[in-house]
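The structure file work_27.txt is reproduced below (compact mmCIF, N, CA and C atoms).
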# COMPACT_ATOMS: atom_id res chain seq x y z
N MET A 1 148.70 -60.66 -7.93
CA MET A 1 149.88 -60.92 -8.73
C MET A 1 151.08 -60.30 -8.04
N SER A 2 152.22 -60.90 -8.29
CA SER A 2 153.47 -60.36 -7.76
C SER A 2 154.60 -60.73 -8.70
N LEU A 3 155.71 -60.06 -8.52
CA LEU A 3 156.88 -60.35 -9.35
C LEU A 3 157.72 -61.40 -8.65
N ASN A 4 158.19 -62.38 -9.44
CA ASN A 4 159.08 -63.36 -8.85
C ASN A 4 160.52 -62.93 -9.04
N MET A 5 161.46 -63.79 -8.70
CA MET A 5 162.90 -63.44 -8.74
C MET A 5 163.36 -63.10 -10.15
N ALA A 6 162.77 -63.70 -11.17
CA ALA A 6 163.19 -63.45 -12.55
C ALA A 6 162.53 -62.21 -13.13
N GLY A 7 161.70 -61.52 -12.36
CA GLY A 7 161.05 -60.32 -12.84
C GLY A 7 159.75 -60.61 -13.58
N ARG A 8 159.34 -61.85 -13.58
CA ARG A 8 158.08 -62.22 -14.25
C ARG A 8 156.93 -62.08 -13.27
N VAL A 9 155.75 -61.88 -13.81
CA VAL A 9 154.57 -61.78 -12.98
C VAL A 9 154.16 -63.19 -12.56
N ALA A 10 154.06 -63.39 -11.27
CA ALA A 10 153.63 -64.69 -10.73
C ALA A 10 152.16 -64.58 -10.36
N VAL A 11 151.36 -65.42 -10.93
CA VAL A 11 149.93 -65.44 -10.62
C VAL A 11 149.70 -66.46 -9.51
N GLU A 12 149.07 -66.01 -8.43
CA GLU A 12 148.79 -66.91 -7.33
C GLU A 12 147.60 -67.77 -7.67
N ARG A 13 147.76 -69.06 -7.46
CA ARG A 13 146.66 -69.99 -7.70
C ARG A 13 145.78 -70.06 -6.46
N PRO A 14 144.49 -70.26 -6.65
CA PRO A 14 143.63 -70.40 -5.48
C PRO A 14 144.02 -71.64 -4.69
N ARG A 15 143.96 -71.53 -3.39
CA ARG A 15 144.34 -72.64 -2.53
C ARG A 15 143.21 -73.65 -2.45
N THR A 16 143.60 -74.90 -2.40
CA THR A 16 142.64 -75.98 -2.21
C THR A 16 142.51 -76.22 -0.72
N THR A 17 141.29 -76.27 -0.23
CA THR A 17 141.07 -76.43 1.20
C THR A 17 141.09 -77.90 1.59
N ALA A 18 141.22 -78.14 2.88
CA ALA A 18 141.18 -79.51 3.40
C ALA A 18 139.81 -80.13 3.12
N GLY A 19 138.76 -79.33 3.20
CA GLY A 19 137.42 -79.83 2.90
C GLY A 19 137.30 -80.34 1.48
N GLN A 20 137.96 -79.66 0.55
CA GLN A 20 137.93 -80.11 -0.84
C GLN A 20 138.66 -81.44 -1.00
N HIS A 21 139.80 -81.57 -0.34
CA HIS A 21 140.53 -82.83 -0.40
C HIS A 21 139.73 -83.97 0.23
N LEU A 22 139.10 -83.69 1.36
CA LEU A 22 138.30 -84.72 2.03
C LEU A 22 137.05 -85.08 1.23
N SER A 23 136.44 -84.10 0.56
CA SER A 23 135.27 -84.43 -0.27
C SER A 23 135.68 -85.31 -1.44
N LEU A 24 136.85 -85.07 -2.00
CA LEU A 24 137.35 -85.93 -3.07
C LEU A 24 137.60 -87.34 -2.55
N LEU A 25 138.21 -87.46 -1.39
CA LEU A 25 138.49 -88.78 -0.81
C LEU A 25 137.18 -89.53 -0.52
N ALA A 26 136.24 -88.85 0.12
CA ALA A 26 134.95 -89.49 0.41
C ALA A 26 134.25 -89.88 -0.88
N GLY A 27 134.28 -89.02 -1.88
CA GLY A 27 133.65 -89.31 -3.16
C GLY A 27 134.24 -90.52 -3.84
N VAL A 28 135.56 -90.61 -3.86
CA VAL A 28 136.22 -91.75 -4.50
C VAL A 28 135.89 -93.05 -3.76
N LEU A 29 135.90 -93.02 -2.43
CA LEU A 29 135.56 -94.22 -1.66
C LEU A 29 134.12 -94.65 -1.90
N LEU A 30 133.20 -93.69 -1.95
CA LEU A 30 131.79 -94.04 -2.20
C LEU A 30 131.58 -94.57 -3.62
N ILE A 31 132.27 -94.00 -4.59
CA ILE A 31 132.18 -94.51 -5.96
C ILE A 31 132.72 -95.94 -6.02
N ALA A 32 133.84 -96.18 -5.37
CA ALA A 32 134.41 -97.53 -5.35
C ALA A 32 133.45 -98.54 -4.73
N LEU A 33 132.80 -98.16 -3.63
CA LEU A 33 131.82 -99.04 -2.99
C LEU A 33 130.63 -99.29 -3.90
N GLY A 34 130.14 -98.24 -4.58
CA GLY A 34 129.00 -98.40 -5.49
C GLY A 34 129.32 -99.29 -6.68
N VAL A 35 130.48 -99.10 -7.29
CA VAL A 35 130.87 -99.91 -8.45
C VAL A 35 131.08 -101.36 -8.03
N ALA A 36 131.81 -101.56 -6.94
CA ALA A 36 132.04 -102.93 -6.45
C ALA A 36 130.72 -103.60 -6.09
N GLY A 37 129.78 -102.83 -5.58
CA GLY A 37 128.47 -103.38 -5.24
C GLY A 37 127.74 -103.94 -6.44
N PHE A 38 127.85 -103.27 -7.58
CA PHE A 38 127.18 -103.78 -8.78
C PHE A 38 127.80 -105.08 -9.27
N PHE A 39 129.08 -105.31 -9.00
CA PHE A 39 129.68 -106.59 -9.34
C PHE A 39 129.09 -107.72 -8.51
N VAL A 40 128.67 -107.40 -7.28
CA VAL A 40 128.08 -108.40 -6.39
C VAL A 40 126.60 -108.59 -6.67
N THR A 41 125.86 -107.50 -6.87
CA THR A 41 124.40 -107.57 -6.95
C THR A 41 123.85 -107.66 -8.36
N GLY A 42 124.59 -107.18 -9.33
CA GLY A 42 124.02 -107.07 -10.67
C GLY A 42 123.06 -105.89 -10.71
N PHE A 43 122.13 -105.93 -11.67
CA PHE A 43 121.23 -104.80 -11.86
C PHE A 43 119.76 -105.17 -11.69
N SER A 44 119.46 -106.26 -11.02
CA SER A 44 118.06 -106.65 -10.82
C SER A 44 117.77 -106.73 -9.32
N GLY A 45 116.50 -106.66 -8.98
CA GLY A 45 116.09 -106.70 -7.58
C GLY A 45 116.55 -105.47 -6.83
N TRP A 46 116.15 -104.30 -7.32
CA TRP A 46 116.68 -103.02 -6.83
C TRP A 46 116.55 -102.82 -5.33
N THR A 47 115.43 -103.22 -4.75
CA THR A 47 115.24 -103.00 -3.31
C THR A 47 115.35 -104.30 -2.53
N GLU A 48 115.75 -105.34 -3.19
CA GLU A 48 115.91 -106.63 -2.52
C GLU A 48 117.36 -106.81 -2.16
N GLY A 49 117.64 -107.89 -1.53
CA GLY A 49 119.02 -108.21 -1.19
C GLY A 49 119.07 -109.16 -0.03
N THR A 50 120.13 -109.89 0.00
CA THR A 50 120.34 -110.82 1.10
C THR A 50 121.60 -110.41 1.84
N ARG A 51 121.76 -110.94 3.02
CA ARG A 51 122.94 -110.62 3.82
C ARG A 51 124.21 -111.17 3.17
N GLU A 52 124.05 -112.08 2.23
CA GLU A 52 125.22 -112.64 1.53
C GLU A 52 125.75 -111.69 0.45
N GLN A 53 124.95 -110.73 0.04
CA GLN A 53 125.40 -109.77 -0.96
C GLN A 53 126.19 -108.68 -0.24
N GLN A 54 127.51 -108.89 -0.17
CA GLN A 54 128.35 -107.98 0.59
C GLN A 54 129.61 -107.60 -0.19
N VAL A 55 130.06 -106.39 0.08
CA VAL A 55 131.35 -105.91 -0.41
C VAL A 55 132.18 -105.64 0.84
N ILE A 56 133.21 -106.42 1.03
CA ILE A 56 134.08 -106.41 2.21
C ILE A 56 133.30 -106.22 3.52
N GLY A 57 132.23 -106.98 3.67
CA GLY A 57 131.44 -106.97 4.89
C GLY A 57 130.26 -106.02 4.90
N PHE A 58 130.15 -105.13 3.92
CA PHE A 58 129.05 -104.17 3.86
C PHE A 58 127.96 -104.73 2.94
N ALA A 59 126.76 -104.93 3.50
CA ALA A 59 125.64 -105.45 2.71
C ALA A 59 125.20 -104.39 1.70
N VAL A 60 124.94 -104.83 0.47
CA VAL A 60 124.56 -103.91 -0.60
C VAL A 60 123.42 -104.48 -1.41
N ASN A 61 122.76 -103.63 -2.14
CA ASN A 61 121.81 -103.99 -3.19
C ASN A 61 121.90 -102.89 -4.25
N PRO A 62 121.26 -103.08 -5.41
CA PRO A 62 121.40 -102.06 -6.47
C PRO A 62 120.98 -100.65 -6.04
N LEU A 63 119.94 -100.53 -5.23
CA LEU A 63 119.51 -99.19 -4.78
C LEU A 63 120.60 -98.54 -3.92
N ALA A 64 121.17 -99.29 -3.00
CA ALA A 64 122.26 -98.76 -2.17
C ALA A 64 123.46 -98.40 -3.03
N ASN A 65 123.73 -99.20 -4.07
CA ASN A 65 124.85 -98.91 -4.98
C ASN A 65 124.64 -97.57 -5.68
N VAL A 66 123.43 -97.31 -6.12
CA VAL A 66 123.14 -96.04 -6.81
C VAL A 66 123.28 -94.87 -5.84
N VAL A 67 122.79 -95.04 -4.62
CA VAL A 67 122.93 -93.97 -3.61
C VAL A 67 124.41 -93.68 -3.37
N HIS A 68 125.22 -94.73 -3.24
CA HIS A 68 126.66 -94.54 -3.03
C HIS A 68 127.31 -93.87 -4.23
N LEU A 69 126.91 -94.27 -5.44
CA LEU A 69 127.48 -93.65 -6.64
C LEU A 69 127.12 -92.17 -6.75
N VAL A 70 125.88 -91.83 -6.46
CA VAL A 70 125.45 -90.43 -6.55
C VAL A 70 126.19 -89.58 -5.50
N LEU A 71 126.23 -90.07 -4.26
CA LEU A 71 126.95 -89.32 -3.23
C LEU A 71 128.43 -89.21 -3.56
N GLY A 72 128.99 -90.26 -4.14
CA GLY A 72 130.40 -90.23 -4.53
C GLY A 72 130.67 -89.24 -5.64
N ALA A 73 129.82 -89.24 -6.65
CA ALA A 73 130.00 -88.30 -7.77
C ALA A 73 129.88 -86.86 -7.28
N LEU A 74 128.95 -86.61 -6.37
CA LEU A 74 128.82 -85.25 -5.82
C LEU A 74 130.06 -84.87 -5.02
N GLY A 75 130.67 -85.83 -4.35
CA GLY A 75 131.90 -85.56 -3.61
C GLY A 75 133.05 -85.20 -4.53
N VAL A 76 133.16 -85.91 -5.64
CA VAL A 76 134.21 -85.60 -6.61
C VAL A 76 133.97 -84.21 -7.21
N LEU A 77 132.72 -83.89 -7.53
CA LEU A 77 132.40 -82.57 -8.07
C LEU A 77 132.62 -81.46 -7.04
N ALA A 78 132.40 -81.78 -5.77
CA ALA A 78 132.57 -80.78 -4.71
C ALA A 78 134.02 -80.37 -4.55
N ARG A 79 134.92 -81.14 -5.07
CA ARG A 79 136.36 -80.84 -5.01
C ARG A 79 136.69 -79.55 -5.74
N THR A 80 135.81 -79.10 -6.63
CA THR A 80 136.10 -77.95 -7.47
C THR A 80 135.98 -76.60 -6.78
N GLY A 81 135.46 -76.55 -5.56
CA GLY A 81 135.35 -75.27 -4.87
C GLY A 81 135.15 -75.45 -3.37
N ALA A 82 135.64 -74.51 -2.60
CA ALA A 82 135.54 -74.59 -1.14
C ALA A 82 134.09 -74.54 -0.68
N ARG A 83 133.30 -73.68 -1.29
CA ARG A 83 131.89 -73.57 -0.91
C ARG A 83 131.13 -74.85 -1.28
N ARG A 84 131.45 -75.39 -2.46
CA ARG A 84 130.81 -76.65 -2.87
C ARG A 84 131.17 -77.77 -1.90
N ALA A 85 132.41 -77.80 -1.45
CA ALA A 85 132.84 -78.84 -0.52
C ALA A 85 132.09 -78.72 0.81
N ARG A 86 131.91 -77.49 1.27
CA ARG A 86 131.16 -77.31 2.52
C ARG A 86 129.71 -77.78 2.38
N TRP A 87 129.06 -77.45 1.28
CA TRP A 87 127.69 -77.90 1.07
C TRP A 87 127.61 -79.41 0.89
N TYR A 88 128.63 -79.98 0.27
CA TYR A 88 128.69 -81.44 0.16
C TYR A 88 128.80 -82.07 1.54
N GLY A 89 129.58 -81.46 2.42
CA GLY A 89 129.68 -81.97 3.79
C GLY A 89 128.34 -81.97 4.48
N VAL A 90 127.57 -80.90 4.31
CA VAL A 90 126.23 -80.82 4.92
C VAL A 90 125.33 -81.90 4.32
N LEU A 91 125.38 -82.06 3.00
CA LEU A 91 124.58 -83.11 2.34
C LEU A 91 124.99 -84.49 2.84
N LEU A 92 126.27 -84.73 2.99
CA LEU A 92 126.76 -86.03 3.45
C LEU A 92 126.29 -86.32 4.87
N ILE A 93 126.31 -85.31 5.72
CA ILE A 93 125.79 -85.48 7.09
C ILE A 93 124.32 -85.90 7.03
N ALA A 94 123.52 -85.12 6.31
CA ALA A 94 122.07 -85.38 6.26
C ALA A 94 121.77 -86.75 5.66
N ALA A 95 122.40 -87.08 4.54
CA ALA A 95 122.10 -88.34 3.86
C ALA A 95 122.55 -89.53 4.68
N CYS A 96 123.74 -89.46 5.24
CA CYS A 96 124.26 -90.62 5.97
C CYS A 96 123.57 -90.82 7.32
N VAL A 97 123.23 -89.75 8.00
CA VAL A 97 122.46 -89.89 9.24
C VAL A 97 121.08 -90.45 8.92
N ALA A 98 120.46 -89.98 7.84
CA ALA A 98 119.15 -90.51 7.45
C ALA A 98 119.24 -92.01 7.11
N MET A 99 120.28 -92.41 6.37
CA MET A 99 120.44 -93.82 6.03
C MET A 99 120.71 -94.66 7.28
N PHE A 100 121.49 -94.13 8.21
CA PHE A 100 121.76 -94.84 9.45
C PHE A 100 120.47 -95.04 10.24
N LEU A 101 119.73 -93.96 10.44
CA LEU A 101 118.49 -94.06 11.22
C LEU A 101 117.48 -94.98 10.54
N TYR A 102 117.38 -94.89 9.23
CA TYR A 102 116.46 -95.75 8.50
C TYR A 102 116.84 -97.22 8.67
N SER A 103 118.11 -97.53 8.47
CA SER A 103 118.53 -98.93 8.54
C SER A 103 118.43 -99.48 9.96
N ARG A 104 118.62 -98.65 10.97
CA ARG A 104 118.49 -99.13 12.35
C ARG A 104 117.02 -99.31 12.74
N ASN A 105 116.13 -98.45 12.25
CA ASN A 105 114.72 -98.55 12.63
C ASN A 105 113.96 -99.59 11.82
N VAL A 106 114.37 -99.83 10.59
CA VAL A 106 113.65 -100.76 9.73
C VAL A 106 114.36 -102.11 9.66
N GLY A 107 115.58 -102.18 10.14
CA GLY A 107 116.31 -103.44 10.11
C GLY A 107 116.92 -103.73 8.75
N GLY A 108 117.40 -102.74 8.08
CA GLY A 108 118.02 -102.91 6.76
C GLY A 108 117.14 -102.33 5.68
N GLY A 109 115.89 -102.73 5.66
CA GLY A 109 114.92 -102.19 4.71
C GLY A 109 115.34 -102.28 3.27
N VAL A 110 114.91 -101.31 2.47
CA VAL A 110 115.17 -101.33 1.03
C VAL A 110 116.64 -101.12 0.70
N LEU A 111 117.44 -100.68 1.68
CA LEU A 111 118.87 -100.48 1.44
C LEU A 111 119.69 -101.72 1.79
N ASN A 112 119.05 -102.76 2.35
CA ASN A 112 119.72 -104.02 2.69
C ASN A 112 120.94 -103.76 3.57
N ALA A 113 120.82 -102.88 4.55
CA ALA A 113 121.96 -102.49 5.38
C ALA A 113 122.11 -103.42 6.58
N ASN A 114 123.33 -103.86 6.83
CA ASN A 114 123.65 -104.61 8.04
C ASN A 114 124.36 -103.65 9.00
N TRP A 115 124.79 -104.14 10.17
CA TRP A 115 125.39 -103.21 11.13
C TRP A 115 126.71 -102.62 10.63
N PRO A 116 127.57 -103.36 9.90
CA PRO A 116 128.77 -102.68 9.38
C PRO A 116 128.43 -101.55 8.40
N THR A 117 127.39 -101.74 7.60
CA THR A 117 126.97 -100.70 6.67
C THR A 117 126.46 -99.48 7.43
N SER A 118 125.69 -99.73 8.49
CA SER A 118 125.19 -98.63 9.31
C SER A 118 126.35 -97.88 9.97
N ALA A 119 127.35 -98.63 10.44
CA ALA A 119 128.52 -97.98 11.04
C ALA A 119 129.27 -97.17 9.99
N LEU A 120 129.35 -97.69 8.77
CA LEU A 120 130.01 -96.94 7.69
C LEU A 120 129.26 -95.64 7.40
N HIS A 121 127.94 -95.68 7.46
CA HIS A 121 127.15 -94.46 7.26
C HIS A 121 127.47 -93.44 8.34
N LEU A 122 127.67 -93.89 9.57
CA LEU A 122 128.04 -92.96 10.63
C LEU A 122 129.44 -92.38 10.40
N VAL A 123 130.36 -93.20 9.91
CA VAL A 123 131.71 -92.71 9.61
C VAL A 123 131.65 -91.63 8.53
N PHE A 124 130.85 -91.87 7.48
CA PHE A 124 130.72 -90.87 6.43
C PHE A 124 129.99 -89.62 6.92
N ALA A 125 129.05 -89.78 7.86
CA ALA A 125 128.39 -88.61 8.44
C ALA A 125 129.41 -87.77 9.22
N PHE A 126 130.30 -88.45 9.95
CA PHE A 126 131.35 -87.72 10.67
C PHE A 126 132.30 -87.04 9.68
N ALA A 127 132.62 -87.73 8.58
CA ALA A 127 133.46 -87.11 7.54
C ALA A 127 132.78 -85.87 6.98
N GLY A 128 131.47 -85.95 6.78
CA GLY A 128 130.72 -84.79 6.32
C GLY A 128 130.78 -83.64 7.31
N LEU A 129 130.76 -83.97 8.58
CA LEU A 129 130.89 -82.95 9.62
C LEU A 129 132.25 -82.26 9.53
N VAL A 130 133.29 -83.04 9.33
CA VAL A 130 134.63 -82.47 9.19
C VAL A 130 134.71 -81.62 7.92
N ILE A 131 134.18 -82.14 6.81
CA ILE A 131 134.22 -81.41 5.54
C ILE A 131 133.48 -80.08 5.66
N ALA A 132 132.32 -80.12 6.29
CA ALA A 132 131.49 -78.91 6.36
C ALA A 132 132.05 -77.86 7.31
N PHE A 133 132.72 -78.29 8.36
CA PHE A 133 133.09 -77.33 9.39
C PHE A 133 134.60 -77.20 9.62
N VAL A 134 135.41 -77.78 8.77
CA VAL A 134 136.86 -77.62 8.92
C VAL A 134 137.20 -76.16 8.61
N PRO A 135 138.05 -75.54 9.43
CA PRO A 135 138.39 -74.14 9.19
C PRO A 135 139.12 -73.96 7.86
N VAL A 136 138.82 -72.86 7.22
CA VAL A 136 139.47 -72.54 5.95
C VAL A 136 140.40 -71.37 6.21
N ARG A 137 141.67 -71.56 5.92
CA ARG A 137 142.63 -70.47 6.08
C ARG A 137 142.66 -69.67 4.80
N ALA A 138 142.49 -68.40 4.93
CA ALA A 138 142.54 -67.52 3.77
C ALA A 138 144.00 -67.32 3.37
N GLY A 139 144.23 -67.36 2.08
CA GLY A 139 145.59 -67.13 1.59
C GLY A 139 145.97 -65.66 1.77
N LYS A 140 147.24 -65.42 1.98
CA LYS A 140 147.72 -64.04 2.17
C LYS A 140 147.71 -63.34 0.81
N ARG A 141 147.00 -62.26 0.72
CA ARG A 141 146.95 -61.48 -0.50
C ARG A 141 148.06 -60.44 -0.46
N PRO A 142 148.75 -60.27 -1.58
CA PRO A 142 149.81 -59.27 -1.60
C PRO A 142 149.21 -57.86 -1.53
N SER A 143 149.93 -57.00 -0.86
CA SER A 143 149.47 -55.61 -0.77
C SER A 143 149.88 -54.88 -2.05
N THR A 144 149.37 -53.69 -2.21
CA THR A 144 149.71 -52.90 -3.41
C THR A 144 151.17 -52.51 -3.39
N ALA A 145 151.76 -52.39 -2.21
CA ALA A 145 153.18 -52.06 -2.13
C ALA A 145 154.04 -53.19 -2.69
N GLU A 146 153.59 -54.45 -2.50
CA GLU A 146 154.34 -55.59 -3.00
C GLU A 146 154.22 -55.71 -4.52
N LEU A 147 153.14 -55.17 -5.09
CA LEU A 147 152.92 -55.29 -6.52
C LEU A 147 153.77 -54.30 -7.32
N GLY A 148 154.04 -53.22 -6.76
CA GLY A 148 154.61 -52.16 -7.53
C GLY A 148 156.04 -51.94 -7.38
Kindly present the structure from the file in structure tokens form.
Amino acid sequence: MSLNMAGRVAVERPRTTAGQHLSLLAGVLLIALGVAGFFVTGFSGWTEGTREQQVIGFAVNPLANVVHLVLGALGVLARTGARRARWYGVLLIAACVAMFLYSRNVGGGVLNANWPTSALHLVFAFAGLVIAFVPVRAGKRPSTAELG
């Protein structure tokens, strides 16, 4: 706490880190992809899908939509704390690399992934890398001399 110009006590708010902002952005994008996917696929044939079931070029099916929604919701929740955002980044790396490797080795498999979807998974894995390892600047804490 410190005194401002009017003599009132100013309470410093905790700073929001870049990782928190990026986790929110990734979460909102993943939620948008998941919701849009359900408009294309509906709610049947969870592990099925055709290459025609696409959202702006990304092949989807209901299972992939749920995965995107869950990862997105976790990203939005990770916005609430710097440590949560870092762990979300690690989770995003692991999940997206796993989905990329799975879709490349199985040829789409139960996630109905095409190459643009696989590339998107790599982009989100890179975003997770940035979220998890972006430097956090500590806010300057006032000294006791400034308080009194």
Q) Closest to A:Ser118 among A:Val130, A:Ala95, A:Leu63, A:Leu101, using only N, CA and C atoms? A) A:Leu101
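From atom CA of A:Val134 back to atom CA of A:Val67, the distance works out to 24.9 Å.
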Q: Give the answer as one residue: which of A:His68, A:His121, A:Arg51, A:His21 has the shortest atom-to-atom distance to A:Tyr102, using only C-alpha atoms?
A: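 The closest residue to A:Tyr102 is A:His121.
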Q | strand (DSSP E) positions in chain A, given as a ChimeraX atom specification | A | /A:2-3,9-10,54-55,58-59
Q: If you run DSSP over the backbone, which residues in stretch 8-128 of chain A end up alpha helix (DSSP H)? Put them as number ranges by chain.
A: A: 18-41, 62-78, 82-106, 115-128
Q: Please identify all polymer residues lying at most 8 Å from the point (133.3, -78.1, 3.6) (file coordinates), using all atoms listed in the file, and present the result as a PyMOL selection string.
A: chain A and resi 18-20+23+81-90+128-135
Q | atom N of A:Leu92 to atom N of A:Phe126, straight-line distance in Å | A | 8.9 Å
Q.
Set the distance at 8 Å and use all atoms listed in the file: which residues neighbour A:Asn61 once local chain neighbours fewer than 4 positions away are removed? I'd like the list as a list in words.
A.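 Contacts, with the query itself left out: Gly37, Phe38, Val40, Thr41, Gly42, Phe43, Ser44, Gly45, Trp46, Thr47, Glu48, Gly49, Thr50, Gln53, Gln54, Asn65, Val66, Val67, Val110, Leu111, Asn112 and Ala113 of chain A.
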What does the file look like for those residues with N, CA and C atoms, as a compact mmCIF listing (two decimals), in the coordinates of the input?
# COMPACT_ATOMS: atom_id res chain seq x y z
N GLY A 37 129.78 -102.83 -5.58
CA GLY A 37 128.47 -103.38 -5.24
C GLY A 37 127.74 -103.94 -6.44
N PHE A 38 127.85 -103.27 -7.58
CA PHE A 38 127.18 -103.78 -8.78
C PHE A 38 127.80 -105.08 -9.27
N VAL A 40 128.67 -107.40 -7.28
CA VAL A 40 128.08 -108.40 -6.39
C VAL A 40 126.60 -108.59 -6.67
N THR A 41 125.86 -107.50 -6.87
CA THR A 41 124.40 -107.57 -6.95
C THR A 41 123.85 -107.66 -8.36
N GLY A 42 124.59 -107.18 -9.33
CA GLY A 42 124.02 -107.07 -10.67
C GLY A 42 123.06 -105.89 -10.71
N PHE A 43 122.13 -105.93 -11.67
CA PHE A 43 121.23 -104.80 -11.86
C PHE A 43 119.76 -105.17 -11.69
N SER A 44 119.46 -106.26 -11.02
CA SER A 44 118.06 -106.65 -10.82
C SER A 44 117.77 -106.73 -9.32
N GLY A 45 116.50 -106.66 -8.98
CA GLY A 45 116.09 -106.70 -7.58
C GLY A 45 116.55 -105.47 -6.83
N TRP A 46 116.15 -104.30 -7.32
CA TRP A 46 116.68 -103.02 -6.83
C TRP A 46 116.55 -102.82 -5.33
N THR A 47 115.43 -103.22 -4.75
CA THR A 47 115.24 -103.00 -3.31
C THR A 47 115.35 -104.30 -2.53
N GLU A 48 115.75 -105.34 -3.19
CA GLU A 48 115.91 -106.63 -2.52
C GLU A 48 117.36 -106.81 -2.16
N GLY A 49 117.64 -107.89 -1.53
CA GLY A 49 119.02 -108.21 -1.19
C GLY A 49 119.07 -109.16 -0.03
N THR A 50 120.13 -109.89 0.00
CA THR A 50 120.34 -110.82 1.10
C THR A 50 121.60 -110.41 1.84
N GLN A 53 124.95 -110.73 0.04
CA GLN A 53 125.40 -109.77 -0.96
C GLN A 53 126.19 -108.68 -0.24
N GLN A 54 127.51 -108.89 -0.17
CA GLN A 54 128.35 -107.98 0.59
C GLN A 54 129.61 -107.60 -0.19
N ASN A 65 123.73 -99.20 -4.07
CA ASN A 65 124.85 -98.91 -4.98
C ASN A 65 124.64 -97.57 -5.68
N VAL A 66 123.43 -97.31 -6.12
CA VAL A 66 123.14 -96.04 -6.81
C VAL A 66 123.28 -94.87 -5.84
N VAL A 67 122.79 -95.04 -4.62
CA VAL A 67 122.93 -93.97 -3.61
C VAL A 67 124.41 -93.68 -3.37
N VAL A 110 114.91 -101.31 2.47
CA VAL A 110 115.17 -101.33 1.03
C VAL A 110 116.64 -101.12 0.70
N LEU A 111 117.44 -100.68 1.68
CA LEU A 111 118.87 -100.48 1.44
C LEU A 111 119.69 -101.72 1.79
N ASN A 112 119.05 -102.76 2.35
CA ASN A 112 119.72 -104.02 2.69
C ASN A 112 120.94 -103.76 3.57
N ALA A 113 120.82 -102.88 4.55
CA ALA A 113 121.96 -102.49 5.38
C ALA A 113 122.11 -103.42 6.58
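Atom N of A:Ile93 to atom C of A:Ala26 spans 11.3 Å [interatomic distance, one decimal].
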(Q) I'd like to know which of A:Met99, A:Gly107, A:Thr80, A:Pro116 is closest to A:Thr17, using only C-alpha atoms. (A)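 For A:Thr17, the nearest of the given residues is A:Thr80.
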Since fewer atoms than expected are present, regenerate all heavy atoms for stretch 54-58 of chain A and write them as an mmCIF file, in the coordinates of the input.
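Listed below is the output, part_28.cif:
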data_model
loop_
_atom_site.group_PDB
_atom_site.id
_atom_site.type_symbol
_atom_site.label_atom_id
_atom_site.label_comp_id
_atom_site.auth_asym_id
_atom_site.auth_seq_id
_atom_site.Cartn_x
_atom_site.Cartn_y
_atom_site.Cartn_z
ATOM 1 N N GLN A 54 127.510 -108.890 -0.170
ATOM 2 C CA GLN A 54 128.350 -107.980 0.590
ATOM 3 C C GLN A 54 129.610 -107.600 -0.190
ATOM 4 O O GLN A 54 130.115 -108.382 -0.988
ATOM 5 C CB GLN A 54 128.798 -108.629 1.901
ATOM 6 C CG GLN A 54 127.674 -108.912 2.853
ATOM 7 C CD GLN A 54 128.193 -109.470 4.170
ATOM 8 O OE1 GLN A 54 129.389 -109.614 4.377
ATOM 9 N NE2 GLN A 54 127.268 -109.773 5.070
ATOM 10 N N VAL A 55 130.060 -106.390 0.080
ATOM 11 C CA VAL A 55 131.350 -105.910 -0.410
ATOM 12 C C VAL A 55 132.180 -105.640 0.840
ATOM 13 O O VAL A 55 131.829 -104.759 1.634
ATOM 14 C CB VAL A 55 131.201 -104.624 -1.252
ATOM 15 C CG1 VAL A 55 132.556 -104.054 -1.614
ATOM 16 C CG2 VAL A 55 130.360 -104.875 -2.477
ATOM 17 N N ILE A 56 133.210 -106.420 1.030
ATOM 18 C CA ILE A 56 134.080 -106.410 2.210
ATOM 19 C C ILE A 56 133.300 -106.220 3.520
ATOM 20 O O ILE A 56 133.655 -105.426 4.376
ATOM 21 C CB ILE A 56 135.238 -105.392 2.085
ATOM 22 C CG1 ILE A 56 134.733 -103.972 1.883
ATOM 23 C CG2 ILE A 56 136.214 -105.797 1.012
ATOM 24 C CD1 ILE A 56 135.811 -102.895 1.986
ATOM 25 N N GLY A 57 132.230 -106.980 3.670
ATOM 26 C CA GLY A 57 131.440 -106.970 4.890
ATOM 27 C C GLY A 57 130.260 -106.020 4.900
ATOM 28 O O GLY A 57 129.423 -106.078 5.794
ATOM 29 N N PHE A 58 130.150 -105.130 3.920
ATOM 30 C CA PHE A 58 129.050 -104.170 3.860
ATOM 31 C C PHE A 58 127.960 -104.730 2.940
ATOM 32 O O PHE A 58 128.198 -104.964 1.760
ATOM 33 C CB PHE A 58 129.525 -102.814 3.335
ATOM 34 C CG PHE A 58 130.644 -102.232 4.137
ATOM 35 C CD1 PHE A 58 131.901 -102.080 3.589
ATOM 36 C CD2 PHE A 58 130.439 -101.840 5.450
ATOM 37 C CE1 PHE A 58 132.941 -101.539 4.327
ATOM 38 C CE2 PHE A 58 131.482 -101.303 6.201
ATOM 39 C CZ PHE A 58 132.724 -101.161 5.644
#
